[in-house]
Amino acid sequence: MAKTSPINMRVEPLQHELLTQAAAALNMDRTTFILDVSCKEARNVLLEQRLFSLDDDKFDAFEQALNEPVANYKLEKLMQSKAPWEE
């Protein structure tokens, strides 16, 4: 089993009771409930940084920008020059 790390926190009495009641409603202990809910929310936060929604016009503009060739002058210059063994 992987080594665990403690997480300690202080909560107001009303928060403590709320968490206890919610955990009991799901037949969980408070620690399991807090970890489960916290990890779900953490995943959502990270996913929101990777996923985004666009309407059709904005998506078309985004897709067009992705598909446009990027100017790379150094690569063009390199491709036009002769290889050292050709000189």
# chains A, B, ... in the order shown; residues from 1 in each chain; ligands from 1

call {"tool": "select_by_dssp", "arguments": {"residues": "chain A", "states": "helix (DSSP H, G or I)", "output": "number ranges by chain"}}
result
A: 13-25, 30-48, 56-67, 73-80, 84-86

call {"tool": "residues_around", "arguments": {"residues": "segment 21-35 of chain A", "least_positions_apart": "5", "cutoff": "12 Å", "atoms": "only C-alpha atoms", "output": "PyMOL selection string"}}
result
chain A and resi 6-9+14-16+40-42
